[in-house]
Number of protein chains: 4
Amino acid sequence: MPETQLTRRERERLRHRKEILEAAVELFSEKGFYNVSMQEIAQKAEFATGTLYKFFENKEDLYKALVLEQAEKFHESAIRAIEEPEDEIDKIRSYVETKGQFFTANIPMIRLYFAETRGASFNIKAGLDCEIRKLYEDFLLRLASIFETGIKKKRFKKIADPYYLAVALDSLTNAFLFLWLEDPERHPYRQNVEKILQIFFKNLLNK
Amino acid sequence: MPETQLTRRERERLRHRKEILEAAVELFSEKGFYNVSMQEIAQKAEFATGTLYKFFENKEDLYKALVLEQAEKFHESAIRAIEEPEDEIDKIRSYVETKGQFFTANIPMIRLYFAETRGASFNIKAGLDCEIRKLYEDFLLRLASIFETGIKKKRFKKIADPYYLAVALDSLTNAFLFLWLEDPERHPYRQNVEKILQIFFKNLLNK
Amino acid sequence: MPETQLTRRERERLRHRKEILEAAVELFSEKGFYNVSMQEIAQKAEFATGTLYKFFENKEDLYKALVLEQAEKFHESAIRAIEEPEDEIDKIRSYVETKGQFFTANIPMIRLYFAETRGASFNIKAGLDCEIRKLYEDFLLRLASIFETGIKKKRFKKIADPYYLAVALDSLTNAFLFLWLEDPERHPYRQNVEKILQIFFKNLLNK
Amino acid sequence: MPETQLTRRERERLRHRKEILEAAVELFSEKGFYNVSMQEIAQKAEFATGTLYKFFENKEDLYKALVLEQAEKFHESAIRAIEEPEDEIDKIRSYVETKGQFFTANIPMIRLYFAETRGASFNIKAGLDCEIRKLYEDFLLRLASIFETGIKKKRFKKIADPYYLAVALDSLTNAFLFLWLEDPERHPYRQNVEKILQIFFKNLLNK
DNA sequence: GATGAATGAGTTTTCATTCAT
DNA sequence: GATGAATGAAAACTCATTCAT
C-alpha cells in the first residue's frame with residue numbers, strides 16, 4: 001500500500017494539509033472567499049498563519065486547491081456513476097443519485113462548487129474558472145453523449161439537441177439540490193428530482 | 001405626472017444617482033463586489049468619492065440599491081408578463097419570453113441577479129439576500145399558482161407539486177440564459193428554451 | 001510665476017509630498033532602506049500610512065523619487081559648475097567646490113547618493129540603479145571631456161585616459177567627503193581636497 | 001600541524017561551516033543582506049535551516065563572520081604585501097597589486113567589502129561596522145606610516161598629510177577595482193591603476 | 001451638494017528563529 | 001549535529017469612509 005510507504009513526516013504533512021483544507025471549506029462556504037481571512041483559517045485549523053503558506057502559495061491557491069480537489073473527486077464519482085450501468089436511463093438515474101449522495105455528504109462544498117461552475121464566480125480573478133469549468137464542460141459532454149447514444153439506440157425520442165438535454169438535466173438537479181439545502185426536511189432531494197425527471201423521461205422515452 | 005413635479009434640483013439628483021448606479025453595475029458585473037472599489041466607481045461615474053456617500057450610506061448599500069432596483073424592475077415585468085395572458089400556457093410562455101428580453105437587454109445584470117437569487121451569494125454579508133430573495137420567492141409562488149390553477153382547470157396533468165414545477169421552469173430558463181450569455185450566437189435563448197419547454201409541456205399538458 | 005498659478009490644493013499637495021520626502025531622507029540615510037518602515041516614515045512626516053501611497057506607488061518608488069530628485073538637483077548644480085568657468089582648471093575647481101557645498105548642505109543625502117552611484121547598492125532591486133547611474137555616467141563623461149579639451153589645448157599633459165582622470169577625481173572627492181562626514185572638524189573637506197588636487201595638478205599641468 | 005590534530009568531527013564541522021559561508025557570500029553579494037533568506041542559504045548550502053543556527057547565532061552573525069573572515073584574510077595579505085618590500089615605493093606598488101589579486105580572485109567579496117568599509121553600509125544594524133572598520137582604519141594608518149617614513153627618508157616630497165595620501169591611494173584603487181568589476185575587458189585594473197599612480201608618484205617623488 | 005485628500009484599521013504575506021524528533 | 005515543520009511578529013499595502021473646504 002502506497003500510504004504506508006510514506007514516511008511519518010510525509011503522512012503528517014498530508015494530514016496537516018487536510019486539516020487546513022477542512023477548516024477552510026467550512027469558512028469559505030459559510031462566508032465566501034473575501035470574508036474569510038487567512039488568520040481565521042489558521043486559527044480554525046489550529047496552526048499559525050505562516051504555516052498555511054507552507055502548504056499553499058497564497059490565499060487564492062488555497063481556495064483553488066480546495067475547490068479543484070473536491071471537483072475532481074465529484075467528477076470521478078460522477079463518471080463512475082455514468083459508466084457502470086448499461087442502459088442509458090440507468091446511467092442518468094445513477095448520475096442523479098450519485099450527485100445527490102456526494103453533495104448531501106459534502107454540504108459545505110455545494111455552495112462553492114455551484115458558485116464556480118454555474119455561478120457568477122467573482123471570487124477568484126481567474127484560472128480556477130478555467131480548470132474547474134473544463135472539468136464541468138467535459139462532464140456535460142459525457143452526459144450529452146449518453147443522450148445521443150440513447151437517441152441512436154431509439155431509447156429516446158429525438159426531441160432536442162443532446163447537449164441541451166444534458167444542460168437541462170444538470171440544471172434541474174442543481175435546483176433541487178438547492179431546495180434541499182435550504183430545507184432538507186421539506187424538500188428531500190431524491191423524491192423531488194425523481195418526479196421532475198419523470199416529466200422529462202416520460203416524454204423522452206420511446207414508450 | 002410626478003416626474004415633472006420634481007424641482008430641477010431633485011431631477012438632477014436623480015440623474016446623478018442613476019449615473020452612479022450605471023457605472024457601478026458594469027464594474028460589479030465584470031469584477032464582482034469585492035474587486036471593485038468605491039474610488040473606481042466614482043471615477044467611472046465622473047464624481048468624487050465623497051459624492052457617492054451623499055447618495056448611498058456605504059458600499060453595500062450602493063450594491064443593494066443596484067440589485068434591488070433591477071430586481072424590482074424585473075419583477076414588475078415578470079408579473080405583468082404572467083398577468084396579461086388568460087391561458088396558463090400563455091402565461092408561462094410570456095414569462096419565459098419576458099425573462100429573455102429583460103436580461104438580454106441588461107446583460108450586466110444577469111450575473112448579479114443570478115448570483116443573488118440562485119447563486120452562492122457571499123457578496124454581501126446579509127440583508128440583501130433577504131429582500132431580493134423575498135421578491136424571488138414571491139414570484140416563484142406566483143408561478144406555482146399558475147401551475148396549480150392549470151392543474152385545477154385540467155389544462156395540466158397533476159404530475160408534480162406545482163412549486164417544484166415553478167422551480168424547474170425557473171432553473172431551466174436560467175440555464176439557457178447562461179448558455180446564451182456565454183455564446184449568444186451559438187446558443188440563442190429563445191429557440192433553445194422553446195425546445196426544452198416542449199419536453200416539459202408535452203408531458204404536462206392534457207393533450 | 002508658475003508657482004502661484006497652482007491652485008491652493010496643488011500647492012498643498014506639493015508641500016505634503018515634500019514633507020514626506022524630508023522625513024524619509026533622514027530615516028533612510030540613518031538606517032538604510034530595509035530598516036525603515038512605511039509606518040515610521042508616515043509617523044515622522046505626521047501623516048497616515050495610507051497617505052504615503054497617494055504620493056508614491058510603493059516604498060521603492062518613494063525611495064527612488066527621493067534619490068533621483070536629489071541626484072538631479074546635484075547634477076544640475078554640477079553641470080552649472082563646470083560650464084561657467086572658461087578655463088579647464090577652473091572648471092574642475094568649481095566642480096570640486098560645488099560638490100562640497102551641495103553635500104555638506106545635504107548631509108543625509110551623502111550616504112544615499114554614494115550608495116547608489118559608487119556603492120554596492122543592494123537596496124533596490126533594480127531600476128533606480130539604471131536612471132541614477134545614467135546621470136552619474138553622463139557626468140563622468142562631461143568631466144572626462146574637460147580633461148580631454150585641456151589636453152588638446154595643451155593645458156594638461158597627456159598622462160592618462162581622460163575618463164580615468166575623471167574617475168580618479170570623482171573618487172578622490174568622494175573619499176574626502178566621507179572623511180569630512182565622519183569628523184567634520186578634523187577633516188575639513190575644502191582644505192584637504194585642495195592639497196590632494198595639487199598633487200594631481202602639479203603633474204598634470206604643463207607648467 | 002594543528003589542522004591534523006583536529007578530530008574527524010571537528011574537521012567535518014569546519015568543512016560544513018565553510019560550505020555554508022561559501023553559499024552565503026554568493027547570495028549576499030548578488031542580492032544584498034536583506035534580499036537573501038536563511039532558508040535560501042540553507043538550500044544552496046544543502047543543509048537544513050536549523051543547521052545554520054548550529055554554526056551562527058543568527059543571520060547577522062553569519063554575515064559578520066563572512067565579511068570579517070574575508071576582511072581578515074585580505075588584511076593579512078595586505079600587511080604582508082607592505083611588509084615584504086624594503087623600499088616605500090615598492091611597498092605601495094606591492095599593496096596595489098595584492099589588492100587587485102585578492103579581489104579579482106574573490107569577486108563576490110568586492111561588493112560586500114566595499115559596502116562595509118567605504119560604503120553606506122546600512123546592511124547591518126551595527127557592530128560589524130565596528131570591527132571591520134577598525135581593521136580598515138588600522139590598515140590606513142599603516143599605509144600612512146609608509147608615506148610618513150618615505151617623507152622622512154626624503155623619498156617623497158612632503159606634499160600632504162600622510163593619512164590623506166593613504167586615503168587617496170585607497171580610494172583610487174577602489175575606483176579602479178569598481179571599473180574593472182563593471183567591465184573587466186575594457187578596464188583592466190593593473191594597467192589603469194598604474195597610470196594613475198604615476199600621476200601621484202611623479203609628483204610625490206623626489207626625482 | 002460636490003470635492004478629493006487624508007485616514008487607519010485590516011489583510012496578505014514573509015522570514016528569522018525555535019524545537020521536537 | 002542535523003532536520004525541517006511550525007511559529008508569529010512585523011511589514012507592505014488597500015480601501016471604505018470621513019470631513020474641511
# chains A, B, ... in the order shown; residues from 1 in each chain; ligands from 1
call {"tool": "residues_around", "arguments": {"residues": "DT3 in chain F", "least_positions_apart": "5", "cutoff": "10 Å", "atoms": "only C-alpha atoms (C1' of nucleotides)", "output": "list in words"}}
result
Phe47, Ala48, Thr49, Gly50 and Thr51 of chain D; DT21 of chain E
call {"tool": "write_last_selection", "arguments": {"atoms": "N, CA, C and O atoms (P, O5', C5', C4', C3', O3' and C1' of nucleotides)", "output": "tab-separated table (two decimals), in the first residue's frame"}}
result
chain	number	residue	atom	x	y	z
D	47	PHE	N	21.94	22.26	3.38
D	47	PHE	CA	21.70	21.91	4.78
D	47	PHE	C	20.26	22.29	5.14
D	47	PHE	O	19.60	22.99	4.37
D	48	ALA	N	19.83	21.85	6.30
D	48	ALA	CA	18.52	22.28	6.78
D	48	ALA	C	18.65	23.65	7.44
D	48	ALA	O	19.74	24.03	7.88
D	49	THR	N	17.56	24.37	7.46
D	49	THR	CA	17.60	25.72	8.04
D	49	THR	C	18.21	25.70	9.44
D	49	THR	O	19.07	26.51	9.77
D	50	GLY	N	17.72	24.80	10.23
D	50	GLY	CA	18.15	24.74	11.61
D	50	GLY	C	19.66	24.57	11.75
D	50	GLY	O	20.27	25.09	12.70
D	51	THR	N	20.25	23.89	10.81
D	51	THR	CA	21.69	23.63	10.88
D	51	THR	C	22.50	24.92	10.88
D	51	THR	O	23.53	25.02	11.56
E	21	DT	P	8.26	15.02	19.90
E	21	DT	O5'	9.26	14.46	18.81
E	21	DT	C5'	8.90	14.53	17.42
E	21	DT	C4'	10.07	14.06	16.60
E	21	DT	C3'	10.60	12.69	16.97
E	21	DT	O3'	10.31	11.76	15.93
E	21	DT	C1'	12.35	14.24	16.52
call {"tool": "residues_around", "arguments": {"residues": "range 60-71 of chain C", "least_positions_apart": "3", "cutoff": "8 Å", "atoms": "only C-alpha atoms (C1' of nucleotides)", "output": "list of chain:residue names"}}
result
C:Leu21, C:Ala24, C:Val25, C:Phe33, C:Phe56, C:Glu57, C:Phe74, C:His75, C:Met109, C:Leu112, C:Tyr113, C:Ile124, C:Leu128, C:Glu131, C:Ile132, C:Leu135
call {"tool": "closest_residue", "arguments": {"among": "F:DG4, F:DT14, F:DA9, F:DA20", "to": "chain D", "atoms": "only C-alpha atoms (C1' of nucleotides)"}}
result
F:DG4
call {"tool": "closest_residue", "arguments": {"among": "A:Lys54, A:Leu6, A:Gly100, A:Lys59", "to": "DC15 in chain E", "atoms": "only C-alpha atoms (C1' of nucleotides)"}}
result
A:Lys54
call {"tool": "interface_residues", "arguments": {"of": "chain E", "to": "chain B", "cutoff": "10 Å", "atoms": "only C-alpha atoms (C1' of nucleotides)", "output": "short mmCIF file (atom, residue, chain, number, x, y, z; two decimals) with all heavy atoms, in the first residue's frame"}}
result
data_model
loop_
_atom_site.label_atom_id
_atom_site.label_comp_id
_atom_site.auth_asym_id
_atom_site.auth_seq_id
_atom_site.Cartn_x
_atom_site.Cartn_y
_atom_site.Cartn_z
P DG E 1 -29.29 66.36 -2.00
OP1 DG E 1 -30.39 67.03 -2.74
OP2 DG E 1 -29.42 64.99 -1.73
"O5'" DG E 1 -28.00 66.70 -2.75
"C5'" DG E 1 -27.40 67.94 -2.35
"C4'" DG E 1 -26.55 68.31 -3.52
"O4'" DG E 1 -25.77 69.43 -3.16
"C3'" DG E 1 -25.56 67.21 -3.88
"O3'" DG E 1 -25.21 67.34 -5.24
"C2'" DG E 1 -24.38 67.52 -2.97
"C1'" DG E 1 -24.42 69.05 -2.98
N9 DG E 1 -23.97 69.60 -1.70
C8 DG E 1 -24.53 69.46 -0.46
N7 DG E 1 -23.87 70.06 0.47
C5 DG E 1 -22.81 70.65 -0.19
C6 DG E 1 -21.74 71.44 0.29
O6 DG E 1 -21.53 71.79 1.44
N1 DG E 1 -20.88 71.81 -0.74
C2 DG E 1 -21.02 71.48 -2.06
N2 DG E 1 -20.11 71.92 -2.89
N3 DG E 1 -22.00 70.74 -2.52
C4 DG E 1 -22.85 70.36 -1.53
P DA E 2 -24.16 66.43 -5.88
OP1 DA E 2 -24.39 66.39 -7.35
OP2 DA E 2 -24.14 65.18 -5.10
"O5'" DA E 2 -22.82 67.23 -5.61
"C5'" DA E 2 -22.46 68.28 -6.51
"C4'" DA E 2 -20.98 68.49 -6.42
"O4'" DA E 2 -20.66 68.98 -5.10
"C3'" DA E 2 -20.14 67.23 -6.63
"O3'" DA E 2 -19.12 67.58 -7.54
"C2'" DA E 2 -19.63 66.88 -5.24
"C1'" DA E 2 -19.57 68.24 -4.57
N9 DA E 2 -19.76 68.27 -3.12
C8 DA E 2 -20.75 67.68 -2.39
N7 DA E 2 -20.67 67.90 -1.10
C5 DA E 2 -19.54 68.70 -0.97
C6 DA E 2 -18.91 69.29 0.14
N6 DA E 2 -19.35 69.16 1.39
N1 DA E 2 -17.80 70.03 -0.10
C2 DA E 2 -17.36 70.16 -1.35
N3 DA E 2 -17.87 69.66 -2.48
C4 DA E 2 -18.97 68.94 -2.20
P DT E 3 -18.07 66.49 -7.99
OP1 DT E 3 -17.65 66.85 -9.35
OP2 DT E 3 -18.59 65.14 -7.70
"O5'" DT E 3 -16.89 66.79 -6.99
"C5'" DT E 3 -16.24 68.07 -7.05
"C4'" DT E 3 -15.20 68.14 -5.99
"O4'" DT E 3 -15.83 68.06 -4.70
"C3'" DT E 3 -14.21 66.97 -6.01
"O3'" DT E 3 -13.00 67.44 -6.52
"C2'" DT E 3 -14.10 66.52 -4.56
"C1'" DT E 3 -14.85 67.59 -3.80
N1 DT E 3 -15.59 67.15 -2.58
C2 DT E 3 -15.13 67.58 -1.36
O2 DT E 3 -14.14 68.27 -1.20
N3 DT E 3 -15.88 67.15 -0.29
C4 DT E 3 -17.02 66.35 -0.33
O4 DT E 3 -17.61 66.05 0.70
C5 DT E 3 -17.43 65.94 -1.65
C7 DT E 3 -18.64 65.07 -1.81
C6 DT E 3 -16.70 66.35 -2.71
P DG E 4 -12.12 66.52 -7.46
OP1 DG E 4 -11.44 67.40 -8.43
OP2 DG E 4 -12.90 65.36 -7.91
"O5'" DG E 4 -11.05 66.02 -6.39
"C5'" DG E 4 -10.42 66.97 -5.54
"C4'" DG E 4 -9.78 66.23 -4.38
"O4'" DG E 4 -10.79 66.00 -3.35
"C3'" DG E 4 -9.23 64.85 -4.71
"O3'" DG E 4 -8.13 64.56 -3.85
"C2'" DG E 4 -10.37 63.93 -4.32
"C1'" DG E 4 -10.78 64.62 -3.04
N9 DG E 4 -12.08 64.25 -2.54
C8 DG E 4 -13.07 63.55 -3.20
N7 DG E 4 -14.13 63.35 -2.46
C5 DG E 4 -13.82 63.95 -1.25
C6 DG E 4 -14.59 64.06 -0.08
O6 DG E 4 -15.71 63.64 0.15
N1 DG E 4 -13.90 64.76 0.93
C2 DG E 4 -12.63 65.29 0.79
N2 DG E 4 -12.14 65.91 1.86
N3 DG E 4 -11.92 65.19 -0.31
C4 DG E 4 -12.57 64.51 -1.29
#
call {"tool": "select_by_dssp", "arguments": {"residues": "range 97-161 of chain B", "states": "helix (DSSP H, G or I)", "output": "PyMOL selection string"}}
result
chain B and resi 97-104+107-117+128-152
call {"tool": "interface_residues", "arguments": {"of": "chain B", "to": "chain A", "cutoff": "8 Å", "atoms": "only C-alpha atoms", "output": "JSON, numbers by chain"}}
result
{"B": [31, 32, 33, 34, 111, 112, 114, 115, 119, 120, 121, 122, 123, 125, 159, 160, 164, 165, 167, 168, 171, 172, 175, 192, 195, 196, 199, 200, 202, 203, 204]}
call {"tool": "write_last_selection", "arguments": {"atoms": "N, CA and C atoms", "output": "PDB file, in the first residue's frame"}}
result
ATOM      1  N   LYS B  31     -16.405  42.493 -12.345  1.00  0.00           N
ATOM      2  CA  LYS B  31     -15.352  42.068 -11.424  1.00  0.00           C
ATOM      3  C   LYS B  31     -15.861  41.563 -10.079  1.00  0.00           C
ATOM      4  N   GLY B  32     -17.125  41.737  -9.808  1.00  0.00           N
ATOM      5  CA  GLY B  32     -17.626  41.280  -8.521  1.00  0.00           C
ATOM      6  C   GLY B  32     -17.467  42.339  -7.452  1.00  0.00           C
ATOM      7  N   PHE B  33     -18.304  42.214  -6.454  1.00  0.00           N
ATOM      8  CA  PHE B  33     -18.379  43.213  -5.383  1.00  0.00           C
ATOM      9  C   PHE B  33     -17.032  43.567  -4.785  1.00  0.00           C
ATOM     10  N   TYR B  34     -16.234  42.551  -4.462  1.00  0.00           N
ATOM     11  CA  TYR B  34     -15.013  42.800  -3.710  1.00  0.00           C
ATOM     12  C   TYR B  34     -13.840  43.266  -4.554  1.00  0.00           C
ATOM     13  N   ARG B 111     -25.462  38.324 -14.324  1.00  0.00           N
ATOM     14  CA  ARG B 111     -24.574  37.706 -13.337  1.00  0.00           C
ATOM     15  C   ARG B 111     -24.963  38.130 -11.928  1.00  0.00           C
ATOM     16  N   LEU B 112     -25.208  39.413 -11.767  1.00  0.00           N
ATOM     17  CA  LEU B 112     -25.535  39.889 -10.429  1.00  0.00           C
ATOM     18  C   LEU B 112     -26.837  39.294  -9.924  1.00  0.00           C
ATOM     19  N   PHE B 114     -28.441  36.553 -10.820  1.00  0.00           N
ATOM     20  CA  PHE B 114     -28.353  35.124 -10.536  1.00  0.00           C
ATOM     21  C   PHE B 114     -27.492  34.864  -9.304  1.00  0.00           C
ATOM     22  N   ALA B 115     -26.431  35.628  -9.180  1.00  0.00           N
ATOM     23  CA  ALA B 115     -25.583  35.450  -8.002  1.00  0.00           C
ATOM     24  C   ALA B 115     -26.406  35.644  -6.741  1.00  0.00           C
ATOM     25  N   GLY B 119     -27.531  31.904  -6.722  1.00  0.00           N
ATOM     26  CA  GLY B 119     -26.115  31.617  -6.593  1.00  0.00           C
ATOM     27  C   GLY B 119     -25.713  31.595  -5.164  1.00  0.00           C
ATOM     28  N   ALA B 120     -24.478  31.283  -5.011  1.00  0.00           N
ATOM     29  CA  ALA B 120     -23.890  31.341  -3.705  1.00  0.00           C
ATOM     30  C   ALA B 120     -23.457  32.781  -3.529  1.00  0.00           C
ATOM     31  N   SER B 121     -24.380  33.589  -3.100  1.00  0.00           N
ATOM     32  CA  SER B 121     -24.036  34.984  -2.931  1.00  0.00           C
ATOM     33  C   SER B 121     -23.340  35.180  -1.604  1.00  0.00           C
ATOM     34  N   PHE B 122     -22.031  35.270  -1.683  1.00  0.00           N
ATOM     35  CA  PHE B 122     -21.295  35.581  -0.473  1.00  0.00           C
ATOM     36  C   PHE B 122     -20.981  37.057  -0.487  1.00  0.00           C
ATOM     37  N   ASN B 123     -21.446  37.685  -1.541  1.00  0.00           N
ATOM     38  CA  ASN B 123     -21.039  39.062  -1.741  1.00  0.00           C
ATOM     39  C   ASN B 123     -21.335  39.932  -0.546  1.00  0.00           C
ATOM     40  N   LYS B 125     -22.762  40.616   3.205  1.00  0.00           N
ATOM     41  CA  LYS B 125     -22.832  39.928   4.485  1.00  0.00           C
ATOM     42  C   LYS B 125     -24.234  39.393   4.776  1.00  0.00           C
ATOM     43  N   ILE B 159     -48.769  16.092 -12.411  1.00  0.00           N
ATOM     44  CA  ILE B 159     -47.607  15.218 -12.301  1.00  0.00           C
ATOM     45  C   ILE B 159     -46.620  15.593 -11.217  1.00  0.00           C
ATOM     46  N   ALA B 160     -46.717  16.790 -10.725  1.00  0.00           N
ATOM     47  CA  ALA B 160     -45.766  17.146  -9.664  1.00  0.00           C
ATOM     48  C   ALA B 160     -46.286  18.331  -8.886  1.00  0.00           C
ATOM     49  N   TYR B 164     -42.634  22.814  -7.348  1.00  0.00           N
ATOM     50  CA  TYR B 164     -41.458  22.225  -7.989  1.00  0.00           C
ATOM     51  C   TYR B 164     -41.476  22.465  -9.488  1.00  0.00           C
ATOM     52  N   LEU B 165     -42.668  22.489 -10.034  1.00  0.00           N
ATOM     53  CA  LEU B 165     -42.749  22.819 -11.470  1.00  0.00           C
ATOM     54  C   LEU B 165     -42.206  24.224 -11.700  1.00  0.00           C
ATOM     55  N   VAL B 167     -40.066  25.868  -9.805  1.00  0.00           N
ATOM     56  CA  VAL B 167     -38.617  25.838  -9.617  1.00  0.00           C
ATOM     57  C   VAL B 167     -37.943  25.273 -10.861  1.00  0.00           C
ATOM     58  N   ALA B 168     -38.498  24.216 -11.381  1.00  0.00           N
ATOM     59  CA  ALA B 168     -37.907  23.586 -12.566  1.00  0.00           C
ATOM     60  C   ALA B 168     -37.914  24.561 -13.738  1.00  0.00           C
ATOM     61  N   SER B 171     -35.338  27.241 -13.227  1.00  0.00           N
ATOM     62  CA  SER B 171     -33.945  26.808 -13.338  1.00  0.00           C
ATOM     63  C   SER B 171     -33.594  26.512 -14.799  1.00  0.00           C
ATOM     64  N   LEU B 172     -34.555  26.005 -15.540  1.00  0.00           N
ATOM     65  CA  LEU B 172     -34.270  25.743 -16.950  1.00  0.00           C
ATOM     66  C   LEU B 172     -34.045  27.045 -17.722  1.00  0.00           C
ATOM     67  N   ALA B 175     -30.646  28.341 -16.922  1.00  0.00           N
ATOM     68  CA  ALA B 175     -29.588  27.570 -17.569  1.00  0.00           C
ATOM     69  C   ALA B 175     -29.412  28.024 -19.020  1.00  0.00           C
ATOM     70  N   ASN B 192     -33.786  27.667 -27.987  1.00  0.00           N
ATOM     71  CA  ASN B 192     -33.404  26.561 -27.105  1.00  0.00           C
ATOM     72  C   ASN B 192     -34.405  26.330 -25.998  1.00  0.00           C
ATOM     73  N   LYS B 195     -37.515  24.575 -27.166  1.00  0.00           N
ATOM     74  CA  LYS B 195     -37.470  23.119 -27.328  1.00  0.00           C
ATOM     75  C   LYS B 195     -37.565  22.400 -25.991  1.00  0.00           C
ATOM     76  N   ILE B 196     -36.841  22.917 -25.039  1.00  0.00           N
ATOM     77  CA  ILE B 196     -36.850  22.260 -23.740  1.00  0.00           C
ATOM     78  C   ILE B 196     -38.245  22.354 -23.112  1.00  0.00           C
ATOM     79  N   ILE B 199     -40.590  19.684 -24.132  1.00  0.00           N
ATOM     80  CA  ILE B 199     -40.474  18.422 -23.415  1.00  0.00           C
ATOM     81  C   ILE B 199     -41.347  18.490 -22.170  1.00  0.00           C
ATOM     82  N   PHE B 200     -41.216  19.600 -21.539  1.00  0.00           N
ATOM     83  CA  PHE B 200     -41.998  19.854 -20.344  1.00  0.00           C
ATOM     84  C   PHE B 200     -43.485  19.777 -20.620  1.00  0.00           C
ATOM     85  N   LYS B 202     -45.239  18.925 -23.289  1.00  0.00           N
ATOM     86  CA  LYS B 202     -45.873  17.782 -23.934  1.00  0.00           C
ATOM     87  C   LYS B 202     -46.366  16.811 -22.899  1.00  0.00           C
ATOM     88  N   ASN B 203     -45.591  16.673 -21.881  1.00  0.00           N
ATOM     89  CA  ASN B 203     -45.961  15.717 -20.874  1.00  0.00           C
ATOM     90  C   ASN B 203     -46.920  16.307 -19.843  1.00  0.00           C
ATOM     91  N   LEU B 204     -46.822  17.611 -19.726  1.00  0.00           N
ATOM     92  CA  LEU B 204     -47.621  18.282 -18.705  1.00  0.00           C
ATOM     93  C   LEU B 204     -49.066  18.469 -19.165  1.00  0.00           C
TER      94      LEU B 204
END
call {"tool": "atom_distance", "arguments": {"atom1": "CA of Thr117 in chain C", "atom2": "CA of Glu137 in chain D"}}
result
23.3 Å
call {"tool": "atom_distance", "arguments": {"atom1": "CA of Glu83 in chain B", "atom2": "CA of Ala166 in chain B"}}
result
15.6 Å
call {"tool": "residues_around", "arguments": {"residues": "Ala81 in chain B", "least_positions_apart": "6", "cutoff": "12 Å", "atoms": "only C-alpha atoms (C1' of nucleotides)", "output": "mmCIF file with N, CA and C atoms, in the first residue's frame"}}
result
data_model
loop_
_atom_site.group_PDB
_atom_site.id
_atom_site.type_symbol
_atom_site.label_atom_id
_atom_site.label_comp_id
_atom_site.auth_asym_id
_atom_site.auth_seq_id
_atom_site.Cartn_x
_atom_site.Cartn_y
_atom_site.Cartn_z
ATOM 1 N N PHE B 74 -37.419 43.933 -12.806
ATOM 2 C CA PHE B 74 -37.638 42.642 -13.440
ATOM 3 C C PHE B 74 -38.918 42.007 -12.929
ATOM 4 N N HIS B 75 -39.126 42.134 -11.642
ATOM 5 C CA HIS B 75 -40.305 41.520 -11.074
ATOM 6 C C HIS B 75 -41.576 42.130 -11.612
ATOM 7 N N ASP B 87 -54.709 32.365 -20.694
ATOM 8 C CA ASP B 87 -54.415 30.948 -20.604
ATOM 9 C C ASP B 87 -53.131 30.668 -19.837
ATOM 10 N N GLU B 88 -53.105 29.563 -19.074
ATOM 11 C CA GLU B 88 -51.934 29.251 -18.261
ATOM 12 C C GLU B 88 -50.693 29.007 -19.107
ATOM 13 N N ILE B 89 -50.877 28.317 -20.188
ATOM 14 C CA ILE B 89 -49.713 28.060 -21.050
ATOM 15 C C ILE B 89 -49.165 29.378 -21.585
ATOM 16 N N ASP B 90 -50.035 30.243 -21.967
ATOM 17 C CA ASP B 90 -49.585 31.534 -22.487
ATOM 18 C C ASP B 90 -48.874 32.342 -21.413
ATOM 19 N N LYS B 91 -49.368 32.253 -20.203
ATOM 20 C CA LYS B 91 -48.716 32.947 -19.091
ATOM 21 C C LYS B 91 -47.261 32.494 -18.982
ATOM 22 N N ILE B 92 -47.101 31.191 -19.048
ATOM 23 C CA ILE B 92 -45.742 30.667 -18.885
ATOM 24 C C ILE B 92 -44.863 31.051 -20.059
ATOM 25 N N ARG B 93 -45.411 30.907 -21.233
ATOM 26 C CA ARG B 93 -44.661 31.349 -22.413
ATOM 27 C C ARG B 93 -44.274 32.819 -22.286
ATOM 28 N N SER B 94 -45.222 33.583 -21.869
ATOM 29 C CA SER B 94 -44.984 35.019 -21.753
ATOM 30 C C SER B 94 -43.868 35.310 -20.755
ATOM 31 N N TYR B 95 -43.886 34.567 -19.652
ATOM 32 C CA TYR B 95 -42.820 34.755 -18.646
ATOM 33 C C TYR B 95 -41.446 34.447 -19.226
ATOM 34 N N VAL B 96 -41.384 33.313 -19.867
ATOM 35 C CA VAL B 96 -40.102 32.873 -20.423
ATOM 36 C C VAL B 96 -39.573 33.912 -21.407
ATOM 37 N N GLU B 97 -40.473 34.445 -22.189
ATOM 38 C CA GLU B 97 -40.073 35.417 -23.194
ATOM 39 C C GLU B 97 -39.624 36.723 -22.535
ATOM 40 N N THR B 98 -40.415 37.163 -21.613
ATOM 41 C CA THR B 98 -40.090 38.417 -20.926
ATOM 42 C C THR B 98 -38.750 38.316 -20.218
ATOM 43 N N LYS B 99 -38.548 37.205 -19.572
ATOM 44 C CA LYS B 99 -37.275 36.994 -18.877
ATOM 45 C C LYS B 99 -36.123 37.125 -19.868
ATOM 46 N N GLY B 100 -36.294 36.485 -20.997
ATOM 47 C CA GLY B 100 -35.262 36.578 -22.022
ATOM 48 C C GLY B 100 -35.034 38.015 -22.448
ATOM 49 N N GLN B 101 -36.121 38.706 -22.710
ATOM 50 C CA GLN B 101 -35.982 40.090 -23.167
ATOM 51 C C GLN B 101 -35.308 40.961 -22.126
ATOM 52 N N PHE B 102 -35.755 40.802 -20.901
ATOM 53 C CA PHE B 102 -35.200 41.656 -19.841
ATOM 54 C C PHE B 102 -33.701 41.471 -19.708
ATOM 55 N N PHE B 139 -42.242 35.497 -6.431
ATOM 56 C CA PHE B 139 -42.539 35.213 -7.830
ATOM 57 C C PHE B 139 -42.669 33.719 -8.086
ATOM 58 N N ARG B 142 -46.024 32.728 -7.319
ATOM 59 C CA ARG B 142 -46.986 33.102 -8.363
ATOM 60 C C ARG B 142 -46.928 32.111 -9.523
ATOM 61 N N LEU B 143 -45.711 31.758 -9.895
ATOM 62 C CA LEU B 143 -45.567 30.761 -10.967
ATOM 63 C C LEU B 143 -46.237 29.457 -10.546
#
call {"tool": "residues_around", "arguments": {"residues": "DT18 in chain F", "least_positions_apart": "6", "cutoff": "10 Å", "atoms": "only C-alpha atoms (C1' of nucleotides)", "output": "list of chain:residue names"}}
result
B:Gly50, B:Tyr53, E:DA6, E:DT7
call {"tool": "atom_distance", "arguments": {"atom1": "CA of Asp183 in chain A", "atom2": "CA of Cys130 in chain B"}}
result
16.0 Å
call {"tool": "closest_residue", "arguments": {"among": "B:Ser77, B:Lys152, B:Gln39, B:Leu177", "to": "chain F", "atoms": "only C-alpha atoms (C1' of nucleotides)"}}
result
B:Gln39
call {"tool": "closest_atom_pairs", "arguments": {"of": "chain F", "to": "chain B", "cutoff": "9 Å", "atoms": "only C-alpha atoms (C1' of nucleotides)", "output": "Markdown table"}}
result
| residue | atom | partner | partner_atom | distance |
| --- | --- | --- | --- | --- |
| F:DC15 | C1' | B:Ser37 | CA | 6.9 |
| F:DA16 | C1' | B:Met38 | CA | 7.3 |
| F:DT17 | C1' | B:Asn58 | CA | 8.0 |
| F:DT18 | C1' | B:Gly50 | CA | 8.5 |
